[in-house]
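Q: Dropping in target.cif, with mmCIF, C-alpha atoms.
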data_run
#
loop_
_atom_site.group_PDB
_atom_site.id
_atom_site.type_symbol
_atom_site.label_atom_id
_atom_site.label_comp_id
_atom_site.auth_asym_id
_atom_site.auth_seq_id
_atom_site.Cartn_x
_atom_site.Cartn_y
_atom_site.Cartn_z
ATOM 1 C CA MET Q 1 -38.919 3.014 -49.759
ATOM 2 C CA THR Q 2 -37.794 3.788 -46.252
ATOM 3 C CA THR Q 3 -34.231 3.772 -45.060
ATOM 4 C CA GLU Q 4 -34.796 0.731 -42.842
ATOM 5 C CA THR Q 5 -36.392 -1.236 -45.691
ATOM 6 C CA HIS Q 6 -33.468 -0.243 -47.904
ATOM 7 C CA ARG Q 7 -30.971 -1.481 -45.276
ATOM 8 C CA THR Q 8 -32.900 -4.728 -44.916
ATOM 9 C CA SER Q 9 -32.841 -5.245 -48.721
ATOM 10 C CA ASN Q 10 -29.122 -4.527 -48.862
ATOM 11 C CA ALA Q 11 -28.509 -6.918 -45.963
ATOM 12 C CA LYS Q 12 -30.530 -9.657 -47.684
ATOM 13 C CA ILE Q 13 -28.673 -9.097 -50.981
ATOM 14 C CA SER Q 14 -25.321 -9.171 -49.157
ATOM 15 C CA GLU Q 15 -26.342 -12.355 -47.356
ATOM 16 C CA ALA Q 16 -27.443 -13.976 -50.619
ATOM 17 C CA LEU Q 17 -24.184 -13.003 -52.318
ATOM 18 C CA GLU Q 18 -22.229 -14.391 -49.391
ATOM 19 C CA LEU Q 19 -24.129 -17.679 -49.619
ATOM 20 C CA LEU Q 20 -23.457 -17.888 -53.358
ATOM 21 C CA ASN Q 21 -19.777 -17.175 -52.791
ATOM 22 C CA ASP Q 22 -19.553 -19.898 -50.123
ATOM 23 C CA ALA Q 23 -21.344 -22.376 -52.381
ATOM 24 C CA ALA Q 24 -19.011 -21.527 -55.261
ATOM 25 C CA LYS Q 25 -15.963 -22.122 -53.046
ATOM 26 C CA GLU Q 26 -17.348 -25.505 -51.986
ATOM 27 C CA LYS Q 27 -18.106 -26.539 -55.563
ATOM 28 C CA LYS Q 28 -14.809 -25.258 -56.973
ATOM 29 C CA ASP Q 29 -13.020 -28.610 -56.696
ATOM 30 C CA GLU Q 30 -16.068 -30.462 -58.004
ATOM 31 C CA LEU Q 31 -16.232 -28.150 -61.024
ATOM 32 C CA LYS Q 32 -12.513 -28.587 -61.687
ATOM 33 C CA GLY Q 33 -12.989 -32.368 -61.663
ATOM 34 C CA LEU Q 34 -15.932 -32.180 -64.029
ATOM 35 C CA MET Q 35 -14.028 -29.931 -66.419
ATOM 36 C CA ALA Q 36 -10.973 -32.196 -66.310
ATOM 37 C CA ASN Q 37 -13.109 -35.280 -67.041
ATOM 38 C CA LYS Q 38 -15.123 -33.581 -69.756
ATOM 39 C CA TYR Q 39 -12.176 -32.035 -71.606
ATOM 40 C CA GLY Q 40 -9.458 -34.527 -70.650
ATOM 41 C CA HIS Q 41 -9.943 -36.452 -73.900
ATOM 42 C CA ILE Q 42 -9.197 -33.274 -75.865
ATOM 43 C CA ARG Q 43 -5.925 -32.835 -73.972
ATOM 44 C CA GLU Q 44 -5.037 -36.497 -74.601
ATOM 45 C CA ALA Q 45 -5.869 -36.195 -78.302
ATOM 46 C CA MET Q 46 -3.724 -33.078 -78.619
ATOM 47 C CA SER Q 47 -0.755 -34.647 -76.863
ATOM 48 C CA SER Q 48 -1.016 -37.806 -78.990
ATOM 49 C CA GLY Q 49 -1.244 -35.574 -82.067
ATOM 50 C CA VAL Q 50 1.975 -33.840 -81.040
ATOM 51 C CA GLU Q 51 3.699 -37.200 -80.584
ATOM 52 C CA HIS Q 52 2.430 -38.365 -83.981
ATOM 53 C CA GLY Q 53 3.708 -35.128 -85.538
ATOM 54 C CA LYS Q 54 7.154 -35.725 -84.010
ATOM 55 C CA GLU Q 55 7.221 -39.236 -85.509
ATOM 56 C CA ILE Q 56 6.251 -37.918 -88.954
ATOM 57 C CA LEU Q 57 8.947 -35.237 -88.729
ATOM 58 C CA LYS Q 58 11.575 -37.833 -87.801
ATOM 59 C CA HIS Q 59 10.559 -40.095 -90.717
ATOM 60 C CA THR Q 60 10.591 -37.114 -93.088
ATOM 61 C CA GLN Q 61 14.054 -36.091 -91.922
ATOM 62 C CA ASP Q 62 15.312 -39.669 -92.339
ATOM 63 C CA PHE Q 63 13.837 -39.848 -95.861
ATOM 64 C CA ALA Q 64 15.358 -36.475 -96.795
ATOM 65 C CA GLN Q 65 18.779 -37.574 -95.534
ATOM 66 C CA GLU Q 66 18.537 -40.830 -97.510
ATOM 67 C CA THR Q 67 17.608 -38.908 -100.656
ATOM 68 C CA ILE Q 68 20.515 -36.493 -100.178
ATOM 69 C CA ASP Q 69 22.927 -39.377 -99.650
ATOM 70 C CA GLN Q 70 21.679 -41.153 -102.798
ATOM 71 C CA GLY Q 71 21.972 -37.908 -104.772
ATOM 72 C CA LYS Q 72 25.567 -37.439 -103.597
ATOM 73 C CA GLU Q 73 26.417 -40.989 -104.674
ATOM 74 C CA LYS Q 74 24.923 -40.445 -108.141
ATOM 75 C CA VAL Q 75 26.697 -37.099 -108.633
ATOM 76 C CA LEU Q 76 30.022 -38.602 -107.563
ATOM 77 C CA ALA Q 77 29.519 -41.567 -109.917
ATOM 78 C CA ILE Q 78 28.702 -39.267 -112.873
ATOM 79 C CA ALA Q 79 31.637 -36.963 -112.068
ATOM 80 C CA SER Q 80 33.977 -39.937 -111.858
ATOM 81 C CA ASP Q 81 32.710 -41.267 -115.206
ATOM 82 C CA VAL Q 82 33.129 -37.858 -116.910
ATOM 83 C CA ASP Q 83 36.615 -37.505 -115.414
ATOM 84 C CA LYS Q 84 37.661 -40.906 -116.799
ATOM 85 C CA ARG Q 85 36.287 -40.098 -120.261
ATOM 86 C CA VAL Q 86 37.968 -36.677 -120.384
ATOM 87 C CA HIS Q 87 41.308 -38.150 -119.322
ATOM 88 C CA LYS Q 88 40.979 -40.922 -121.910
ATOM 89 C CA ASP Q 89 40.259 -38.610 -124.884
ATOM 90 C CA PRO Q 90 40.631 -34.912 -123.911
ATOM 91 C CA TRP Q 91 40.691 -33.418 -127.436
ATOM 92 C CA VAL Q 92 37.067 -34.286 -128.157
ATOM 93 C CA TYR Q 93 35.952 -32.360 -125.077
ATOM 94 C CA ILE Q 94 38.278 -29.426 -125.799
ATOM 95 C CA ALA Q 95 36.888 -29.152 -129.354
ATOM 96 C CA GLY Q 96 33.294 -29.459 -128.089
ATOM 97 C CA THR Q 97 33.868 -26.712 -125.521
ATOM 98 C CA ALA Q 98 35.439 -24.459 -128.171
ATOM 99 C CA VAL Q 99 32.510 -24.933 -130.591
ATOM 100 C CA ALA Q 100 29.952 -24.289 -127.833
ATOM 101 C CA SER Q 101 31.843 -21.134 -126.788
ATOM 102 C CA VAL Q 102 31.956 -19.779 -130.362
ATOM 103 C CA LEU Q 103 28.232 -20.422 -130.868
ATOM 104 C CA LEU Q 104 27.354 -18.798 -127.548
ATOM 105 C CA GLY Q 105 29.565 -15.798 -128.328
ATOM 106 C CA TYR Q 106 27.980 -15.398 -131.762
ATOM 107 C CA LEU Q 107 24.421 -15.578 -130.327
ATOM 108 C CA LEU Q 108 25.147 -13.119 -127.531
ATOM 109 C CA GLY Q 109 27.219 -10.788 -129.698
ATOM 110 C CA SER Q 110 24.943 -10.509 -132.710
ATOM 111 C CA LYS Q 111 22.763 -7.405 -132.995
ATOM 112 C CA ARG Q 112 19.070 -7.960 -133.444
ATOM 113 C CA LYS Q 113 16.754 -5.531 -135.139
#
So that I can check it, write out the structure of this file as structure tokens.
A:
Amino acid sequence: MTTETHRTSNAKISEALELLNDAAKEKKDELKGLMANKYGHIREAMSSGVEHGKEILKHTQDFAQETIDQGKEKVLAIASDVDKRVHKDPWVYIAGTAVASVLLGYLLGSKRK
């Protein structure tokens, strides 16, 4: 291949690359539009999924708070009931605590072979 033929080939390749580059610049906006239209539904689905997730989280937090509040009410009611019973007849509870303590002490203190 001669030097002049080589220069002509390089010039043609450069010209072709320049034409491709110009065409790509012209089609850039068109390609962006096509991509946005083609994948826009995915973006919409993801954003609606995020919104749905936020709603579920809010409902879960509300349910958890309700459950905690109900639990507090039940514990306070039971504690109030136990307090009334202990104040009404304390010796039964003192004797029960003493018996439970002796049994627990015996079980923990006994040696096993």
Q: Give me, please, the distance in Å between CA of Arg85 in chain Q and CA of Ala98 in chain Q, quoted to one decimal.
A: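 Computed distance, CA of Arg85 in chain Q to CA of Ala98 in chain Q, equals 17.5 Å.
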Q: Please compute the CA of Ser47 in chain Q-CA of Glu66 in chain Q distance, one decimal, in Å.
A: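 Separation of CA of Ser47 in chain Q and CA of Glu66 in chain Q: 28.9 Å.
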Q: With 5 Å of padding per side, what axis-aligned box (centre and edge lengths, Å, one decimal) covers all the listed atoms of range 80-96 of chain Q? Give it as lines of an AutoDock Vina configuration file.
A:
center_x = 37.0
center_y = -35.2
center_z = -120.6
size_x = 18.6
size_y = 22.1
size_z = 27.5
Q: How far is it from CA of Val82 in chain Q to CA of Ile94 in chain Q, in Å with one decimal?
A: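 It comes out at 13.3 Å.
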Q: Identify the residues around (35.3, -32.2, -119.4) within a radius of 7 Å, measuring from all atoms listed in the file in the coordinates stated by the file, and give them as a PDB file with C-alpha atoms, keeping the file's coordinate frame.
A:
ATOM      1  CA  VAL Q  82      33.129 -37.858-116.910  1.00  0.00           C
ATOM      2  CA  ASP Q  83      36.615 -37.505-115.414  1.00  0.00           C
ATOM      3  CA  VAL Q  86      37.968 -36.677-120.384  1.00  0.00           C
ATOM      4  CA  TYR Q  93      35.952 -32.360-125.077  1.00  0.00           C
TER       5      TYR Q  93
END
